[in-house]
file run00.txt (compact mmCIF, C-alpha atoms and all ligand atoms)
# COMPACT_ATOMS: atom_id res chain seq x y z
CA MET A 1 0.00 0.00 0.00
CA ASN A 2 1.11 3.53 -0.78
CA ILE A 3 0.27 6.08 1.88
CA ILE A 4 0.73 9.85 2.17
CA PHE A 5 0.84 11.70 5.48
CA LEU A 6 -0.34 15.29 5.20
CA GLY A 7 -0.32 17.90 7.94
CA ALA A 8 1.28 21.10 9.15
CA PRO A 9 4.91 20.98 10.27
CA GLY A 10 4.93 19.61 13.81
CA ALA A 11 1.51 17.93 13.49
CA GLY A 12 3.20 14.59 14.14
CA LYS A 13 3.11 13.10 10.65
CA GLY A 14 6.75 11.99 10.80
CA THR A 15 6.16 10.15 14.09
CA GLN A 16 3.03 8.41 12.82
CA ALA A 17 4.71 7.60 9.50
CA GLU A 18 7.53 5.84 11.38
CA ILE A 19 5.06 3.78 13.44
CA VAL A 20 2.99 2.75 10.41
CA SER A 21 6.19 2.01 8.50
CA ARG A 22 7.35 -0.42 11.21
CA ARG A 23 3.93 -2.08 11.50
CA PHE A 24 3.50 -2.60 7.73
CA GLY A 25 7.17 -3.22 6.94
CA ILE A 26 7.31 -0.54 4.25
CA PRO A 27 9.79 2.36 4.07
CA THR A 28 9.09 6.00 4.90
CA LEU A 29 10.30 8.47 2.31
CA SER A 30 10.77 11.83 4.00
CA THR A 31 11.83 14.73 1.79
CA GLY A 32 12.77 16.74 4.91
CA VAL A 33 15.21 14.02 6.07
CA ILE A 34 16.69 13.62 2.57
CA LEU A 35 17.14 17.39 2.20
CA ARG A 36 18.74 17.82 5.63
CA ASP A 37 21.12 14.97 4.83
CA ALA A 38 22.10 16.65 1.53
CA ILE A 39 22.61 19.98 3.34
CA LYS A 40 24.82 18.30 5.96
CA LYS A 41 26.88 16.61 3.24
CA GLU A 42 27.07 19.90 1.28
CA THR A 43 26.03 18.26 -1.98
CA VAL A 44 25.04 20.51 -4.89
CA MET A 45 21.36 19.86 -4.11
CA GLY A 46 21.97 20.53 -0.42
CA THR A 47 23.62 23.84 -1.16
CA VAL A 48 20.67 24.96 -3.29
CA ALA A 49 18.13 23.74 -0.70
CA SER A 50 19.77 25.13 2.44
CA GLY A 51 18.50 28.73 2.15
CA TYR A 52 14.91 27.60 1.59
CA VAL A 53 14.95 25.13 4.47
CA ALA A 54 16.59 27.60 6.88
CA SER A 55 13.92 30.22 6.19
CA GLY A 56 10.96 27.84 6.31
CA LYS A 57 10.22 28.21 2.58
CA LEU A 58 9.54 25.34 0.22
CA VAL A 59 12.39 24.00 -1.87
CA PRO A 60 11.51 24.33 -5.60
CA ASP A 61 9.18 21.63 -6.91
CA ASP A 62 11.58 20.26 -9.55
CA ILE A 63 14.19 19.43 -6.87
CA VAL A 64 11.85 17.55 -4.53
CA ILE A 65 10.03 15.84 -7.38
CA GLY A 66 13.42 14.60 -8.62
CA ILE A 67 14.27 13.28 -5.13
CA ILE A 68 11.04 11.30 -4.91
CA ARG A 69 11.19 10.07 -8.51
CA ASP A 70 14.68 8.62 -7.84
CA ARG A 71 13.83 7.19 -4.43
CA LEU A 72 10.72 5.40 -5.72
CA GLN A 73 12.93 3.39 -8.10
CA ASP A 74 14.59 1.65 -5.12
CA CYS A 75 13.50 -1.95 -4.69
CA ASP A 76 12.39 -1.49 -1.05
CA CYS A 77 9.45 0.58 -2.38
CA LYS A 78 7.99 -2.21 -4.50
CA ASP A 79 5.56 -3.48 -1.81
CA GLY A 80 4.53 -0.02 -0.75
CA PHE A 81 5.84 3.14 0.88
CA ILE A 82 4.87 6.05 3.04
CA LEU A 83 5.43 9.62 1.93
CA ASP A 84 6.14 12.03 4.78
CA GLY A 85 6.39 15.69 3.73
CA PHE A 86 5.71 15.04 0.06
CA PRO A 87 3.69 16.23 -1.79
CA ARG A 88 3.57 19.74 -0.32
CA THR A 89 2.14 21.55 -3.34
CA VAL A 90 -0.49 20.72 -5.95
CA PRO A 91 2.16 20.52 -8.74
CA GLN A 92 4.05 17.93 -6.61
CA ALA A 93 0.84 15.87 -6.28
CA GLN A 94 0.28 16.15 -10.02
CA ALA A 95 3.86 15.01 -10.63
CA LEU A 96 3.13 11.83 -8.62
CA GLU A 97 0.10 11.18 -10.84
CA ASP A 98 2.24 11.81 -13.93
CA MET A 99 4.70 9.19 -12.64
CA ASP A 100 1.74 6.73 -12.49
CA VAL A 101 2.22 6.33 -8.77
CA LYS A 102 -1.02 4.99 -7.28
CA ILE A 103 -1.85 6.45 -3.89
CA ASP A 104 -4.11 4.24 -1.74
CA ALA A 105 -4.60 6.44 1.31
CA VAL A 106 -3.91 9.97 2.49
CA ILE A 107 -3.97 10.59 6.24
CA ASN A 108 -4.32 14.25 7.10
CA ILE A 109 -3.24 14.96 10.68
CA GLU A 110 -4.98 18.08 11.92
CA VAL A 111 -3.61 20.16 14.80
CA PRO A 112 -4.49 23.82 15.54
CA ASP A 113 -1.69 26.32 14.79
CA LYS A 114 -1.56 27.39 18.46
CA SER A 115 -0.71 23.85 19.58
CA ILE A 116 1.84 23.50 16.75
CA VAL A 117 3.90 26.45 18.01
CA THR A 118 3.91 25.01 21.56
CA ARG A 119 4.76 21.51 20.34
CA MET A 120 7.60 22.67 18.11
CA SER A 121 9.34 24.41 20.99
CA GLY A 122 9.82 20.97 22.59
CA ARG A 123 11.07 19.22 19.47
CA ARG A 124 14.63 17.89 19.45
CA ALA A 125 16.54 16.29 16.59
CA CYS A 126 19.64 14.20 16.24
CA PRO A 127 22.06 15.99 13.89
CA SER A 128 23.86 12.68 13.21
CA CYS A 129 21.05 10.32 12.13
CA GLY A 130 18.06 12.67 11.77
CA ALA A 131 15.87 10.95 14.40
CA THR A 132 13.35 13.28 16.02
CA TYR A 133 12.14 13.47 19.61
CA HIS A 134 9.99 15.66 21.82
CA ILE A 135 10.91 16.58 25.39
CA LYS A 136 7.38 15.77 26.60
CA TYR A 137 5.66 13.52 24.06
CA LYS A 138 8.55 11.41 22.77
CA PRO A 139 11.70 11.85 24.88
CA SER A 140 14.85 9.84 24.23
CA ALA A 141 15.93 7.50 27.04
CA ASP A 142 18.07 10.16 28.76
CA SER A 143 16.45 13.23 27.09
CA ILE A 144 19.91 14.41 25.93
CA HIS A 145 21.24 11.79 23.52
CA CYS A 146 19.78 9.97 20.54
CA ASP A 147 18.52 6.43 21.27
CA ASN A 148 19.73 5.23 17.85
CA CYS A 149 23.25 6.61 17.61
CA ASN A 150 23.95 8.44 20.90
CA GLY A 151 24.38 11.79 19.07
CA GLU A 152 23.68 14.89 21.17
CA LEU A 153 20.14 16.18 20.51
CA THR A 154 19.67 19.77 19.31
CA VAL A 155 16.86 22.16 18.33
CA ARG A 156 16.65 22.35 14.54
CA HIS A 157 17.16 25.89 13.25
CA ASP A 158 13.82 25.72 11.43
CA ASP A 159 12.04 24.68 14.66
CA GLN A 160 12.82 28.11 16.21
CA PRO A 161 9.51 29.96 16.86
CA GLU A 162 9.99 32.70 14.21
CA VAL A 163 10.76 30.16 11.49
CA VAL A 164 7.85 27.95 12.64
CA LEU A 165 5.43 30.84 11.99
CA ASP A 166 6.79 31.17 8.43
CA ARG A 167 6.52 27.41 7.92
CA LEU A 168 2.89 27.50 9.09
CA MET A 169 2.10 30.32 6.67
CA THR A 170 3.73 28.36 3.85
CA TYR A 171 1.69 25.30 4.90
CA HIS A 172 -1.64 27.16 4.75
CA GLU A 173 -0.84 28.83 1.43
CA GLN A 174 0.74 25.97 -0.49
CA THR A 175 0.10 22.61 1.22
CA ALA A 176 -3.40 22.88 2.73
CA PRO A 177 -4.99 22.94 -0.80
CA LEU A 178 -3.90 19.28 -1.06
CA ILE A 179 -6.61 18.39 1.48
CA GLY A 180 -9.30 19.27 -1.08
CA TYR A 181 -7.22 17.74 -3.87
CA TYR A 182 -7.16 14.28 -2.27
CA GLU A 183 -10.65 14.60 -0.74
CA SER A 184 -12.11 15.08 -4.21
CA ARG A 185 -10.36 11.85 -5.25
CA GLY A 186 -11.92 9.96 -2.29
CA LYS A 187 -8.49 9.20 -0.83
CA LEU A 188 -8.34 11.36 2.30
CA LYS A 189 -9.20 10.74 5.93
CA THR A 190 -8.55 13.32 8.62
CA VAL A 191 -7.20 12.35 12.02
CA ILE A 192 -7.31 14.91 14.82
CA GLY A 193 -3.83 14.97 16.39
CA GLN A 194 -4.06 14.13 20.09
CA ALA A 195 -1.83 15.19 22.98
CA GLU A 196 -0.58 11.60 23.38
CA VAL A 197 1.25 10.02 20.43
CA GLY A 198 -0.41 6.63 21.12
CA ASP A 199 -3.89 8.12 20.89
CA THR A 200 -3.10 9.65 17.48
CA THR A 201 -1.66 6.27 16.42
CA ASP A 202 -4.91 4.49 17.38
CA LEU A 203 -6.91 6.98 15.32
CA THR A 204 -4.45 6.66 12.43
CA PHE A 205 -4.79 2.86 12.27
CA LYS A 206 -8.58 3.18 12.57
CA ALA A 207 -8.56 5.57 9.61
CA LEU A 208 -6.28 3.26 7.63
CA GLU A 209 -8.61 0.31 8.28
CA GLU A 210 -11.40 2.26 6.60
CA PHE A 211 -9.46 2.12 3.35
CA LYS A 212 -9.99 -1.30 1.87
CA PHE A 213 -6.46 -2.27 0.89
CA PRO A 214 -6.19 -5.20 -1.52
CA GLU A 215 -4.82 -8.37 0.11
CA LYS A 216 -1.07 -8.68 -0.29
CA LYS A 217 -0.24 -11.40 -2.85
CA ASP A 218 2.89 -13.50 -2.16
P1 LIG B 1 10.08 18.69 7.17
O1 LIG B 1 11.15 17.99 7.93
O2 LIG B 1 9.20 17.75 6.39
O3 LIG B 1 9.27 19.63 8.01
O4 LIG B 1 10.82 19.58 6.05
C1 LIG B 1 11.75 20.57 6.41
C2 LIG B 1 11.93 21.56 5.29
O5 LIG B 1 12.39 20.89 4.09
C3 LIG B 1 10.67 22.28 4.85
O6 LIG B 1 10.36 23.40 5.68
C4 LIG B 1 11.03 22.70 3.43
O7 LIG B 1 11.94 23.79 3.43
C5 LIG B 1 11.81 21.48 2.93
N1 LIG B 1 10.90 20.49 2.31
C6 LIG B 1 10.62 19.22 2.77
N2 LIG B 1 9.76 18.59 1.97
C7 LIG B 1 9.49 19.46 0.95
C8 LIG B 1 8.65 19.41 -0.19
N3 LIG B 1 7.90 18.32 -0.47
N4 LIG B 1 8.61 20.49 -1.01
C9 LIG B 1 9.37 21.57 -0.77
N5 LIG B 1 10.16 21.71 0.30
C10 LIG B 1 10.23 20.66 1.18

call {"tool": "encode", "arguments": {"input": "run00.txt", "output": "structure tokens"}}
result
Amino acid sequence: MNIIFLGAPGAGKGTQAEIVSRRFGIPTLSTGVILRDAIKKETVMGTVASGYVASGKLVPDDIVIGIIRDRLQDCDCKDGFILDGFPRTVPQAQALEDMDVKIDAVINIEVPDKSIVTRMSGRRACPSCGATYHIKYKPSADSIHCDNCNGELTVRHDDQPEVVLDRLMTYHEQTAPLIGYYESRGKLKTVIGQAEVGDTTDLTFKALEEFKFPEKKD
């Protein structure tokens, strides 16, 4: 099955995508993670993307579409995948259709802007492996180091409150129209993001069950 997680930055789509990915044994493709990795490695793409990411603006469509087009060729995507943070604009969604990528389900995680700003202030990230945590909702074992690689957790530059407000504005202007786009195709279910991660997960799986996925053929 091919699933998209939609939602404002900080709504919890990355966390839910990871959980669903583990449960279904399919990979999560996160454009944010791929872009941050390219920025860290100072690749040509990373250098172009860095200014956009740092200011909370969207990286140009052709770059992110290229990332996803390449990544979808990898063999781990053949039994399904989860898209986290892509598409973020209507042209990106249209590009997926042009690639003949069939989307089975779109889960839209809805959280009010006010709660997003509060949540983002508690977000922590591992600069080494990209894992994300939250000081209250999803702390690492010692709240300081990454559980995966022991890297020291930091606040991402684009999680600073002033950048978060820009990211939210970008979300409402450019990404929120995708809700109507997928609703009109009968693909979208909205999950109200809860204070507890586990409660949002329960609602996410309930929403996914409402999509009748074809049985997996072995
Ligand atoms: P995220 O980790 O998904 O919140 O993404 C972090 C940043 O990467 C965003 O604020 C954008 O600057 C950039 N980005 C990630 N995904 C996309 C996308 N699909 N289109 C354009 N820019 C993106």

call {"tool": "closest_residue", "arguments": {"input": "run00.txt", "among": "A:Met1, A:Leu58, A:Ile144, A:Leu6", "to": "ligand LIG 1 (chain B)", "atoms": "only C-alpha atoms and all ligand atoms"}}
result
A:Leu58

call {"tool": "closest_residue", "arguments": {"input": "run00.txt", "among": "A:Arg167, A:Lys40, A:Arg22, A:His145", "to": "A:Pro9", "atoms": "all atoms listed in the file"}}
result
A:Arg167

call {"tool": "axis_aligned_box", "arguments": {"input": "run00.txt", "around": "stretch 146-150 of chain A", "padding_each_side": "3 Å", "output": "AutoDock Vina command-line options"}}
result
--center_x 21.2 --center_y 7.6 --center_z 19.4 --size_x 11.4 --size_y 10.7 --size_z 9.7

call {"tool": "atom_distance", "arguments": {"input": "run00.txt", "atom1": "atom CA of A:Ile135", "atom2": "atom CA of A:Val111"}}
result
18.3 Å

call {"tool": "closest_atom_pairs", "arguments": {"input": "run00.txt", "of": "chain A", "to": "ligand LIG 1 (chain B)", "cutoff": "7 Å", "atoms": "only C-alpha atoms and all ligand atoms", "output": "JSON lines"}}
result
{"residue": "A:Pro9", "atom": "CA", "partner": "B:LIG1", "partner_atom": "O3", "distance": 5.1}
{"residue": "A:Ser30", "atom": "CA", "partner": "B:LIG1", "partner_atom": "O2", "distance": 6.6}
{"residue": "A:Thr31", "atom": "CA", "partner": "B:LIG1", "partner_atom": "N2", "distance": 4.4}
{"residue": "A:Gly32", "atom": "CA", "partner": "B:LIG1", "partner_atom": "O4", "distance": 3.6}
{"residue": "A:Val33", "atom": "CA", "partner": "B:LIG1", "partner_atom": "O1", "distance": 6.0}
{"residue": "A:Leu35", "atom": "CA", "partner": "B:LIG1", "partner_atom": "O5", "distance": 6.2}
{"residue": "A:Tyr52", "atom": "CA", "partner": "B:LIG1", "partner_atom": "O7", "distance": 5.2}
{"residue": "A:Val53", "atom": "CA", "partner": "B:LIG1", "partner_atom": "O7", "distance": 3.5}
{"residue": "A:Ala54", "atom": "CA", "partner": "B:LIG1", "partner_atom": "O7", "distance": 6.9}
{"residue": "A:Gly56", "atom": "CA", "partner": "B:LIG1", "partner_atom": "O6", "distance": 4.5}
{"residue": "A:Lys57", "atom": "CA", "partner": "B:LIG1", "partner_atom": "O7", "distance": 4.8}
{"residue": "A:Leu58", "atom": "CA", "partner": "B:LIG1", "partner_atom": "N5", "distance": 3.7}
{"residue": "A:Val59", "atom": "CA", "partner": "B:LIG1", "partner_atom": "N5", "distance": 3.9}
{"residue": "A:Pro60", "atom": "CA", "partner": "B:LIG1", "partner_atom": "C9", "distance": 6.0}
{"residue": "A:Asp61", "atom": "CA", "partner": "B:LIG1", "partner_atom": "N4", "distance": 6.0}
{"residue": "A:Val64", "atom": "CA", "partner": "B:LIG1", "partner_atom": "N4", "distance": 5.6}
{"residue": "A:Asp84", "atom": "CA", "partner": "B:LIG1", "partner_atom": "O2", "distance": 6.7}
{"residue": "A:Gly85", "atom": "CA", "partner": "B:LIG1", "partner_atom": "O2", "distance": 4.4}
{"residue": "A:Phe86", "atom": "CA", "partner": "B:LIG1", "partner_atom": "N3", "distance": 4.0}
{"residue": "A:Pro87", "atom": "CA", "partner": "B:LIG1", "partner_atom": "N3", "distance": 4.9}
{"residue": "A:Arg88", "atom": "CA", "partner": "B:LIG1", "partner_atom": "N3", "distance": 4.6}
{"residue": "A:Thr89", "atom": "CA", "partner": "B:LIG1", "partner_atom": "N4", "distance": 7.0}
{"residue": "A:Arg167", "atom": "CA", "partner": "B:LIG1", "partner_atom": "O6", "distance": 6.0}

call {"tool": "write_last_selection", "arguments": {"input": "run00.txt", "atoms": "C-alpha atoms", "output": "mmCIF file, in the coordinates of the input"}}
result
data_model
loop_
_atom_site.group_PDB
_atom_site.id
_atom_site.type_symbol
_atom_site.label_atom_id
_atom_site.label_comp_id
_atom_site.auth_asym_id
_atom_site.auth_seq_id
_atom_site.Cartn_x
_atom_site.Cartn_y
_atom_site.Cartn_z
ATOM 1 C CA PRO A 9 4.910 20.980 10.270
ATOM 2 C CA SER A 30 10.770 11.830 4.000
ATOM 3 C CA THR A 31 11.830 14.730 1.790
ATOM 4 C CA GLY A 32 12.770 16.740 4.910
ATOM 5 C CA VAL A 33 15.210 14.020 6.070
ATOM 6 C CA LEU A 35 17.140 17.390 2.200
ATOM 7 C CA TYR A 52 14.910 27.600 1.590
ATOM 8 C CA VAL A 53 14.950 25.130 4.470
ATOM 9 C CA ALA A 54 16.590 27.600 6.880
ATOM 10 C CA GLY A 56 10.960 27.840 6.310
ATOM 11 C CA LYS A 57 10.220 28.210 2.580
ATOM 12 C CA LEU A 58 9.540 25.340 0.220
ATOM 13 C CA VAL A 59 12.390 24.000 -1.870
ATOM 14 C CA PRO A 60 11.510 24.330 -5.600
ATOM 15 C CA ASP A 61 9.180 21.630 -6.910
ATOM 16 C CA VAL A 64 11.850 17.550 -4.530
ATOM 17 C CA ASP A 84 6.140 12.030 4.780
ATOM 18 C CA GLY A 85 6.390 15.690 3.730
ATOM 19 C CA PHE A 86 5.710 15.040 0.060
ATOM 20 C CA PRO A 87 3.690 16.230 -1.790
ATOM 21 C CA ARG A 88 3.570 19.740 -0.320
ATOM 22 C CA THR A 89 2.140 21.550 -3.340
ATOM 23 C CA ARG A 167 6.520 27.410 7.920
#

call {"tool": "residues_near_point", "arguments": {"input": "run00.txt", "point": "(3.2, 26.2, 17.1)", "cutoff": "9 Å", "atoms": "all atoms listed in the file", "output": "list of chain:residue names"}}
result
A:Pro9, A:Gly10, A:Pro112, A:Asp113, A:Lys114, A:Ser115, A:Ile116, A:Val117, A:Thr118, A:Arg119, A:Met120, A:Ser121, A:Pro161, A:Val164, A:Leu165, A:Leu168

call {"tool": "atom_distance", "arguments": {"input": "run00.txt", "atom1": "atom CA of A:Glu162", "atom2": "atom CA of A:Gly122"}}
result
14.4 Å

call {"tool": "closest_residue", "arguments": {"input": "run00.txt", "among": "A:Thr28, A:Thr47, A:Thr15, A:Asn2", "to": "A:Thr132", "atoms": "only C-alpha atoms"}}
result
A:Thr15

call {"tool": "closest_residue", "arguments": {"input": "run00.txt", "among": "A:Ile26, A:Ile34, A:Ile82, A:Ile65", "to": "A:Ile4", "atoms": "all atoms listed in the file"}}
result
A:Ile82

call {"tool": "atom_distance", "arguments": {"input": "run00.txt", "atom1": "atom CA of A:Glu152", "atom2": "atom CA of A:Pro139"}}
result
12.9 Å

call {"tool": "closest_residue", "arguments": {"input": "run00.txt", "among": "A:Ala125, A:Cys146, A:Ala95, A:Ile103", "to": "A:Lys187", "atoms": "only C-alpha atoms"}}
result
A:Ile103

call {"tool": "residues_around", "arguments": {"input": "run00.txt", "residues": "A:Asp76", "least_positions_apart": "3", "cutoff": "10 Å", "atoms": "only C-alpha atoms", "output": "PDB file with C-alpha atoms, keeping the file's coordinate frame"}}
result
ATOM      1  CA  GLY A  25       7.170  -3.220   6.940  1.00  0.00           C
ATOM      2  CA  ILE A  26       7.310  -0.540   4.250  1.00  0.00           C
ATOM      3  CA  PRO A  27       9.790   2.360   4.070  1.00  0.00           C
ATOM      4  CA  ARG A  71      13.830   7.190  -4.430  1.00  0.00           C
ATOM      5  CA  LEU A  72      10.720   5.400  -5.720  1.00  0.00           C
ATOM      6  CA  GLN A  73      12.930   3.390  -8.100  1.00  0.00           C
ATOM      7  CA  ASP A  79       5.560  -3.480  -1.810  1.00  0.00           C
ATOM      8  CA  GLY A  80       4.530  -0.020  -0.750  1.00  0.00           C
ATOM      9  CA  PHE A  81       5.840   3.140   0.880  1.00  0.00           C
TER      10      PHE A  81
END

call {"tool": "residues_around", "arguments": {"input": "run00.txt", "residues": "stretch 208-212 of chain A", "least_positions_apart": "4", "cutoff": "9 Å", "atoms": "only C-alpha atoms", "output": "list of chain:residue names"}}
result
A:Asp104, A:Ala105, A:Val106, A:Ile107, A:Lys187, A:Lys189, A:Leu203, A:Thr204

call {"tool": "closest_residue", "arguments": {"input": "run00.txt", "among": "A:Asp166, A:Gln92, A:Glu110, A:Val101", "to": "A:Ile3", "atoms": "all atoms listed in the file"}}
result
A:Val101

call {"tool": "residues_around", "arguments": {"input": "run00.txt", "residues": "A:Leu153", "least_positions_apart": "3", "cutoff": "12 Å", "atoms": "only C-alpha atoms", "output": "PyMOL selection string"}}
result
chain A and resi 122-135+139-150+156

call {"tool": "build_atoms", "arguments": {"input": "run00.txt", "residues": "stretch 105-114 of chain A", "atoms": "all heavy atoms", "output": "PDB file, in the frame of the given file"}}
result
ATOM      1  N   ALA A 105      -4.015   5.769   0.153  1.00  0.00           N
ATOM      2  CA  ALA A 105      -4.600   6.440   1.310  1.00  0.00           C
ATOM      3  C   ALA A 105      -3.811   7.695   1.649  1.00  0.00           C
ATOM      4  O   ALA A 105      -2.581   7.697   1.582  1.00  0.00           O
ATOM      5  CB  ALA A 105      -4.576   5.497   2.515  1.00  0.00           C
ATOM      6  N   VAL A 106      -4.550   8.742   2.015  1.00  0.00           N
ATOM      7  CA  VAL A 106      -3.910   9.970   2.490  1.00  0.00           C
ATOM      8  C   VAL A 106      -4.450  10.245   3.893  1.00  0.00           C
ATOM      9  O   VAL A 106      -5.661  10.347   4.085  1.00  0.00           O
ATOM     10  CB  VAL A 106      -4.210  11.169   1.557  1.00  0.00           C
ATOM     11  CG1 VAL A 106      -3.517  12.430   2.067  1.00  0.00           C
ATOM     12  CG2 VAL A 106      -3.775  10.865   0.128  1.00  0.00           C
ATOM     13  N   ILE A 107      -3.554  10.284   4.862  1.00  0.00           N
ATOM     14  CA  ILE A 107      -3.970  10.590   6.240  1.00  0.00           C
ATOM     15  C   ILE A 107      -3.549  12.023   6.525  1.00  0.00           C
ATOM     16  O   ILE A 107      -2.370  12.371   6.474  1.00  0.00           O
ATOM     17  CB  ILE A 107      -3.292   9.640   7.255  1.00  0.00           C
ATOM     18  CG1 ILE A 107      -3.639   8.173   6.966  1.00  0.00           C
ATOM     19  CG2 ILE A 107      -3.664  10.034   8.691  1.00  0.00           C
ATOM     20  CD1 ILE A 107      -5.085   7.796   7.185  1.00  0.00           C
ATOM     21  N   ASN A 108      -4.564  12.840   6.807  1.00  0.00           N
ATOM     22  CA  ASN A 108      -4.320  14.250   7.100  1.00  0.00           C
ATOM     23  C   ASN A 108      -4.379  14.439   8.614  1.00  0.00           C
ATOM     24  O   ASN A 108      -5.421  14.253   9.218  1.00  0.00           O
ATOM     25  CB  ASN A 108      -5.404  15.083   6.405  1.00  0.00           C
ATOM     26  CG  ASN A 108      -5.374  16.529   6.817  1.00  0.00           C
ATOM     27  OD1 ASN A 108      -4.299  17.129   6.930  1.00  0.00           O
ATOM     28  ND2 ASN A 108      -6.542  17.107   7.045  1.00  0.00           N
ATOM     29  N   ILE A 109      -3.253  14.767   9.222  1.00  0.00           N
ATOM     30  CA  ILE A 109      -3.240  14.960  10.680  1.00  0.00           C
ATOM     31  C   ILE A 109      -3.471  16.435  10.976  1.00  0.00           C
ATOM     32  O   ILE A 109      -2.692  17.295  10.544  1.00  0.00           O
ATOM     33  CB  ILE A 109      -1.926  14.465  11.301  1.00  0.00           C
ATOM     34  CG1 ILE A 109      -1.707  13.003  10.909  1.00  0.00           C
ATOM     35  CG2 ILE A 109      -1.961  14.629  12.829  1.00  0.00           C
ATOM     36  CD1 ILE A 109      -0.599  12.305  11.633  1.00  0.00           C
ATOM     37  N   GLU A 110      -4.583  16.684  11.691  1.00  0.00           N
ATOM     38  CA  GLU A 110      -4.980  18.080  11.920  1.00  0.00           C
ATOM     39  C   GLU A 110      -4.670  18.505  13.355  1.00  0.00           C
ATOM     40  O   GLU A 110      -5.078  17.836  14.297  1.00  0.00           O
ATOM     41  CB  GLU A 110      -6.481  18.184  11.668  1.00  0.00           C
ATOM     42  CG  GLU A 110      -6.929  19.552  11.260  1.00  0.00           C
ATOM     43  CD  GLU A 110      -8.383  19.522  10.838  1.00  0.00           C
ATOM     44  OE1 GLU A 110      -8.643  19.260   9.648  1.00  0.00           O
ATOM     45  OE2 GLU A 110      -9.250  19.712  11.700  1.00  0.00           O
ATOM     46  N   VAL A 111      -3.943  19.598  13.482  1.00  0.00           N
ATOM     47  CA  VAL A 111      -3.610  20.160  14.800  1.00  0.00           C
ATOM     48  C   VAL A 111      -3.715  21.672  14.685  1.00  0.00           C
ATOM     49  O   VAL A 111      -3.213  22.241  13.711  1.00  0.00           O
ATOM     50  CB  VAL A 111      -2.162  19.752  15.219  1.00  0.00           C
ATOM     51  CG1 VAL A 111      -1.748  20.436  16.506  1.00  0.00           C
ATOM     52  CG2 VAL A 111      -2.032  18.238  15.367  1.00  0.00           C
ATOM     53  N   PRO A 112      -4.385  22.355  15.648  1.00  0.00           N
ATOM     54  CA  PRO A 112      -4.490  23.820  15.540  1.00  0.00           C
ATOM     55  C   PRO A 112      -3.108  24.490  15.583  1.00  0.00           C
ATOM     56  O   PRO A 112      -2.203  24.006  16.284  1.00  0.00           O
ATOM     57  CB  PRO A 112      -5.302  24.214  16.780  1.00  0.00           C
ATOM     58  CG  PRO A 112      -5.833  22.955  17.358  1.00  0.00           C
ATOM     59  CD  PRO A 112      -5.040  21.813  16.834  1.00  0.00           C
ATOM     60  N   ASP A 113      -2.978  25.609  14.862  1.00  0.00           N
ATOM     61  CA  ASP A 113      -1.690  26.320  14.790  1.00  0.00           C
ATOM     62  C   ASP A 113      -1.115  26.625  16.181  1.00  0.00           C
ATOM     63  O   ASP A 113       0.084  26.518  16.408  1.00  0.00           O
ATOM     64  CB  ASP A 113      -1.860  27.657  14.048  1.00  0.00           C
ATOM     65  CG  ASP A 113      -1.974  27.446  12.549  1.00  0.00           C
ATOM     66  OD1 ASP A 113      -2.011  26.274  12.113  1.00  0.00           O
ATOM     67  OD2 ASP A 113      -2.031  28.449  11.814  1.00  0.00           O
ATOM     68  N   LYS A 114      -2.012  27.023  17.111  1.00  0.00           N
ATOM     69  CA  LYS A 114      -1.560  27.390  18.460  1.00  0.00           C
ATOM     70  C   LYS A 114      -0.798  26.228  19.105  1.00  0.00           C
ATOM     71  O   LYS A 114       0.267  26.402  19.685  1.00  0.00           O
ATOM     72  CB  LYS A 114      -2.800  27.732  19.299  1.00  0.00           C
ATOM     73  CG  LYS A 114      -2.626  28.931  20.179  1.00  0.00           C
ATOM     74  CD  LYS A 114      -3.917  29.444  20.798  1.00  0.00           C
ATOM     75  CE  LYS A 114      -4.609  28.374  21.579  1.00  0.00           C
ATOM     76  NZ  LYS A 114      -5.877  28.090  21.710  1.00  0.00           N
TER      77      LYS A 114
END
